[in-house]
$ cat target_37.txt   # compact mmCIF, C-alpha atoms
# COMPACT_ATOMS: atom_id res chain seq x y z
CA MET B 83 101.07 94.48 162.04
CA ASN B 84 102.01 95.86 158.64
CA ARG B 85 105.54 97.16 159.01
CA SER B 86 105.82 99.46 156.04
CA ALA B 87 106.12 103.16 155.31
CA THR B 88 105.76 105.51 152.38
CA ILE B 89 107.84 108.69 152.30
CA THR B 90 107.85 111.61 149.88
CA ARG B 91 110.26 114.54 150.03
CA THR B 92 110.59 117.42 147.59
CA SER B 93 113.15 120.20 147.73
CA LYS B 94 115.02 122.37 145.24
CA GLU B 95 117.69 119.64 145.11
CA THR B 96 115.75 116.36 145.04
CA ASP B 97 112.31 114.87 144.51
CA ILE B 98 111.99 111.49 146.26
CA SER B 99 109.22 108.96 146.74
CA LEU B 100 109.71 105.56 148.33
CA THR B 101 107.87 102.68 149.94
CA LEU B 102 109.65 100.29 152.28
CA HIS B 103 108.16 96.95 153.40
CA LEU B 104 110.18 95.38 156.21
CA ASP B 105 108.57 91.94 156.04
CA GLU B 106 108.18 91.43 152.30
CA GLY B 107 111.11 90.30 150.23
CA GLY B 108 111.41 90.72 146.51
CA GLU B 109 113.62 92.46 144.03
CA PRO B 110 114.11 96.09 145.07
CA ALA B 111 113.03 98.64 142.44
CA VAL B 112 115.45 101.54 142.77
CA SER B 113 116.00 104.47 140.40
CA THR B 114 117.99 107.48 141.58
CA GLY B 115 119.78 108.50 138.40
CA PHE B 116 123.11 107.51 140.00
CA GLY B 117 123.77 103.93 139.01
CA MET B 118 126.25 103.13 141.78
CA LEU B 119 123.74 104.22 144.44
CA ASP B 120 121.02 102.13 142.75
CA HIS B 121 123.34 99.13 142.83
CA MET B 122 124.29 99.51 146.50
CA LEU B 123 120.69 100.08 147.63
CA THR B 124 119.51 97.08 145.64
CA LEU B 125 122.17 94.93 147.31
CA ALA B 126 121.47 96.23 150.83
CA PHE B 127 117.72 95.76 150.74
CA PHE B 128 117.89 92.42 148.91
CA TRP B 129 120.19 91.10 151.65
CA ALA B 130 117.89 92.66 154.28
CA GLY B 131 114.95 90.70 152.83
CA MET B 132 112.96 93.93 152.51
CA ARG B 133 111.00 95.25 149.55
CA LEU B 134 112.02 98.74 148.52
CA GLU B 135 110.47 100.86 145.79
CA LEU B 136 112.36 104.12 145.39
CA ARG B 137 112.45 106.88 142.79
CA CYS B 138 114.58 109.99 143.04
CA SER B 139 115.14 112.87 140.66
CA GLY B 140 118.06 114.95 141.86
CA ASP B 141 120.38 117.74 140.79
CA LEU B 142 122.91 115.36 139.26
CA HIS B 143 124.18 118.18 137.03
CA VAL B 144 125.88 119.41 140.23
CA ASP B 145 126.94 115.97 141.56
CA ALA B 146 125.32 113.03 143.36
CA HIS B 147 125.83 114.38 146.89
CA HIS B 148 122.31 115.74 147.44
CA THR B 149 120.75 112.64 145.90
CA ALA B 150 122.68 110.24 148.16
CA GLU B 151 122.18 112.30 151.32
CA ASP B 152 118.47 112.92 150.79
CA VAL B 153 117.83 109.28 149.87
CA GLY B 154 119.59 108.31 153.11
CA LEU B 155 117.35 110.66 155.09
CA CYS B 156 114.19 109.31 153.46
CA LEU B 157 115.21 105.68 153.97
CA GLY B 158 116.03 106.33 157.62
CA ASN B 159 112.69 108.06 158.11
CA ALA B 160 110.89 105.15 156.43
CA LEU B 161 112.61 102.61 158.68
CA ALA B 162 111.77 104.62 161.80
CA GLN B 163 108.15 105.03 160.73
CA ALA B 164 107.75 101.35 159.83
CA LEU B 165 109.15 100.25 163.21
CA GLY B 166 106.92 102.56 165.26
CA ASP B 167 107.82 102.35 168.97
CA ARG B 168 110.32 99.55 168.16
CA ALA B 169 108.71 97.20 170.69
CA GLY B 170 109.58 93.58 170.08
CA ILE B 171 112.51 94.08 167.71
CA ALA B 172 115.92 92.49 168.27
CA ARG B 173 117.36 96.01 167.97
CA VAL B 174 120.96 95.05 167.15
CA GLY B 175 122.55 93.46 164.11
CA HIS B 176 125.91 92.62 162.60
CA GLY B 177 127.04 91.70 159.10
CA ARG B 178 130.32 90.71 157.41
CA VAL B 179 130.34 89.69 153.77
CA PRO B 180 133.55 89.31 151.74
CA MET B 181 133.58 90.65 148.20
CA ASP B 182 136.59 89.18 146.40
CA GLU B 183 139.66 90.75 148.07
CA ALA B 184 137.61 93.19 150.19
CA LEU B 185 135.99 92.88 153.60
CA ALA B 186 133.85 95.39 155.45
CA GLU B 187 131.93 94.94 158.69
CA VAL B 188 128.71 96.63 159.77
CA THR B 189 127.29 96.67 163.29
CA LEU B 190 124.18 98.61 164.27
CA ASP B 191 121.79 99.30 167.13
CA ILE B 192 118.38 100.85 166.48
CA SER B 193 118.69 102.49 169.87
CA GLY B 194 117.13 105.90 169.34
CA ARG B 195 120.60 107.44 169.63
CA PRO B 196 121.96 108.36 166.20
CA TRP B 197 125.67 107.97 165.52
CA LEU B 198 127.86 106.98 162.61
CA GLU B 199 131.31 105.54 163.15
CA TRP B 200 133.03 105.30 159.72
CA ARG B 201 136.38 103.50 160.03
CA ASP B 202 139.36 103.01 157.71
CA ASN B 203 137.94 105.27 155.02
CA ASP B 204 141.49 105.63 153.63
CA LEU B 205 141.07 102.22 151.95
CA LEU B 206 138.50 103.76 149.58
CA PRO B 207 139.87 105.50 146.49
CA PRO B 208 139.22 109.28 146.40
CA VAL B 209 136.77 108.90 143.49
CA ILE B 210 134.35 106.00 142.95
CA ALA B 211 131.97 105.90 139.96
CA GLY B 212 132.84 109.54 139.21
CA GLU B 213 131.95 110.81 142.71
CA GLU B 214 134.05 111.67 145.75
CA LYS B 215 134.22 108.89 148.32
CA ASP B 216 132.74 111.11 151.07
CA LEU B 217 129.35 110.77 149.36
CA TRP B 218 129.08 107.28 150.90
CA ARG B 219 129.85 108.46 154.41
CA GLU B 220 127.19 111.16 154.00
CA PHE B 221 124.65 108.58 152.81
CA TYR B 222 125.17 106.31 155.83
CA LYS B 223 125.30 109.30 158.19
CA ALA B 224 121.94 110.58 156.89
CA PHE B 225 120.39 107.11 157.18
CA ALA B 226 121.66 106.62 160.76
CA THR B 227 120.49 110.08 161.82
CA ALA B 228 116.98 109.75 160.41
CA ALA B 229 116.54 106.15 161.61
CA ARG B 230 117.91 107.12 165.04
CA MET B 231 120.40 104.26 164.95
CA ASN B 232 123.94 103.74 166.09
CA LEU B 233 125.81 102.55 162.99
CA HIS B 234 129.42 101.40 162.74
CA VAL B 235 130.96 100.68 159.33
CA SER B 236 134.54 99.39 159.25
CA PHE B 237 136.54 98.67 156.11
CA HIS B 238 139.02 95.96 157.09
CA TYR B 239 140.95 95.45 153.86
CA GLY B 240 140.62 95.57 150.09
CA ARG B 241 141.95 97.28 147.00
CA ASN B 242 138.88 97.92 144.87
CA GLY B 243 136.47 100.69 145.92
CA HIS B 244 133.46 99.00 144.33
CA HIS B 245 134.20 95.78 146.20
CA LEU B 246 134.66 97.59 149.52
CA LEU B 247 131.34 99.42 149.15
CA GLU B 248 129.57 96.24 148.05
CA SER B 249 130.87 94.37 151.08
CA ALA B 250 129.55 97.18 153.30
CA ALA B 251 126.15 97.29 151.56
CA LYS B 252 125.60 93.55 151.94
CA GLY B 253 126.77 93.64 155.57
CA PHE B 254 124.40 96.56 156.20
CA GLY B 255 121.50 94.54 154.77
CA ILE B 256 122.26 91.53 156.96
CA ALA B 257 122.61 93.74 160.05
CA LEU B 258 119.28 95.46 159.29
CA ALA B 259 117.52 92.12 158.88
CA GLN B 260 118.79 90.98 162.29
CA ALA B 261 117.94 94.25 164.05
CA VAL B 262 114.32 94.54 162.84
CA ARG B 263 113.59 90.84 163.52
CA ARG B 264 110.64 90.34 165.87
CA CYS B 265 111.61 88.60 169.10
CA GLY B 266 108.76 89.25 171.51
CA THR B 267 106.73 92.30 172.45
CA ALA B 268 108.91 94.15 174.93
CA ILE B 269 111.16 97.10 174.20
CA ARG B 270 114.69 95.74 174.47
CA SER B 271 116.05 98.22 176.99
CA THR B 272 116.60 97.91 180.72
CA LYS B 273 115.66 101.57 181.07
CA GLY B 274 112.25 100.91 179.50
CA GLY B 275 112.60 103.01 176.35
CA LEU B 276 114.76 103.63 173.31
CA ASP B 277 116.18 107.15 173.29

$ encode --input "target_37.txt" --output "structure tokens"
Amino acid sequence: MNRSATITRTSKETDISLTLHLDEGGEPAVSTGFGMLDHMLTLAFFWAGMRLELRCSGDLHVDAHHTAEDVGLCLGNALAQALGDRAGIARVGHGRVPMDEALAEVTLDISGRPWLEWRDNDLLPPVIAGEEKDLWREFYKAFATAARMNLHVSFHYGRNGHHLLESAAKGFGIALAQAVRRCGTAIRSTKGGLD
């Protein structure tokens, strides 16, 4: 089974095209016009062992909010499409990766029930790479919603916003890799379905 998906989305705010391959590693090719988002996506999908090709042209003259949110939606849709009925996947994953003085933790369940729990956000500085810190919460919220996953991101400690976000991105990648891992053919739910 080829677990991949191609998504395109065009609006007055963004124009996005991406292809996601769950079972093919390789250097992600990401270009959104917002360098910090490119960096975090490259880290996440490298650590997930997935091949991502993504291009986005957004209204960066306003700010990077629409770009980050819409990219999150498209990535979540691609993951959901590539997984199909989610039969045979491990479903849950967890990642913790230190980045210098910073540590974040990511736990997720591709359960069909979208939720984002975003903890200890006060550790992040108000502005990171010229954008308000809430942009990152909106990115992960959009991803979780579109992928229909339960996603918990906790920032444990740290002083540098870049390091905190990098720790989270790497942990997210590791958690994704665990959750999409094939481990049989059954849907991992005692109720018989994921919703």

$ residues_around --input "target_37.txt" --residues "range 125-139 of chain B" --least-positions-apart "2" --cutoff "7 Å" --atoms "all atoms listed in the file" --output "mmCIF file with C-alpha atoms, in the coordinates of the input"
data_model
loop_
_atom_site.group_PDB
_atom_site.id
_atom_site.type_symbol
_atom_site.label_atom_id
_atom_site.label_comp_id
_atom_site.auth_asym_id
_atom_site.auth_seq_id
_atom_site.Cartn_x
_atom_site.Cartn_y
_atom_site.Cartn_z
ATOM 1 C CA THR B 96 115.750 116.360 145.040
ATOM 2 C CA ASP B 97 112.310 114.870 144.510
ATOM 3 C CA ILE B 98 111.990 111.490 146.260
ATOM 4 C CA SER B 99 109.220 108.960 146.740
ATOM 5 C CA LEU B 100 109.710 105.560 148.330
ATOM 6 C CA THR B 101 107.870 102.680 149.940
ATOM 7 C CA LEU B 102 109.650 100.290 152.280
ATOM 8 C CA HIS B 103 108.160 96.950 153.400
ATOM 9 C CA LEU B 104 110.180 95.380 156.210
ATOM 10 C CA ASP B 105 108.570 91.940 156.040
ATOM 11 C CA GLU B 106 108.180 91.430 152.300
ATOM 12 C CA GLY B 107 111.110 90.300 150.230
ATOM 13 C CA GLY B 108 111.410 90.720 146.510
ATOM 14 C CA GLU B 109 113.620 92.460 144.030
ATOM 15 C CA PRO B 110 114.110 96.090 145.070
ATOM 16 C CA ALA B 111 113.030 98.640 142.440
ATOM 17 C CA VAL B 112 115.450 101.540 142.770
ATOM 18 C CA SER B 113 116.000 104.470 140.400
ATOM 19 C CA THR B 114 117.990 107.480 141.580
ATOM 20 C CA GLY B 115 119.780 108.500 138.400
ATOM 21 C CA HIS B 121 123.340 99.130 142.830
ATOM 22 C CA MET B 122 124.290 99.510 146.500
ATOM 23 C CA LEU B 123 120.690 100.080 147.630
ATOM 24 C CA ALA B 251 126.150 97.290 151.560
ATOM 25 C CA LYS B 252 125.600 93.550 151.940
ATOM 26 C CA PHE B 254 124.400 96.560 156.200
ATOM 27 C CA GLY B 255 121.500 94.540 154.770
ATOM 28 C CA ILE B 256 122.260 91.530 156.960
ATOM 29 C CA LEU B 258 119.280 95.460 159.290
ATOM 30 C CA ALA B 259 117.520 92.120 158.880
#

$ residues_around --input "target_37.txt" --residues "Ala224 in chain B" --least-positions-apart "4" --cutoff "6 Å" --atoms "only C-alpha atoms" --output "list in words"
Glu151, Gly154 and Leu155 of chain B

$ residues_around --input "target_37.txt" --residues "Gly175 in chain B" --least-positions-apart "4" --cutoff "7 Å" --atoms "all atoms listed in the file" --output "number ranges by chain"
B: 189-191, 257-258, 260-261

$ residues_around --input "target_37.txt" --residues "range 198-211 of chain B" --least-positions-apart "4" --cutoff "8 Å" --atoms "only C-alpha atoms" --output "PyMOL selection string"
chain B and resi 118+215+219+222-223+226+232-244+246

$ atom_distance --input "target_37.txt" --atom1 "CA of Pro180 in chain B" --atom2 "CA of His245 in chain B"
8.5 Å

$ closest_residue --input "target_37.txt" --among "B:Asp152, B:Asp145, B:Glu214, B:Asp120" --to "Ile89 in chain B" --atoms "all atoms listed in the file"
B:Asp152

$ axis_aligned_box --input "target_37.txt" --around "range 108-112 of chain B" --padding-each-side "4 Å" --output "lines of an AutoDock Vina configuration file"
center_x = 113.4
center_y = 96.1
center_z = 144.5
size_x = 12.0
size_y = 18.8
size_z = 12.1

$ closest_residue --input "target_37.txt" --among "B:His148, B:Leu119, B:Arg264, B:Gly140" --to "Leu247 in chain B" --atoms "all atoms listed in the file"
B:Leu119
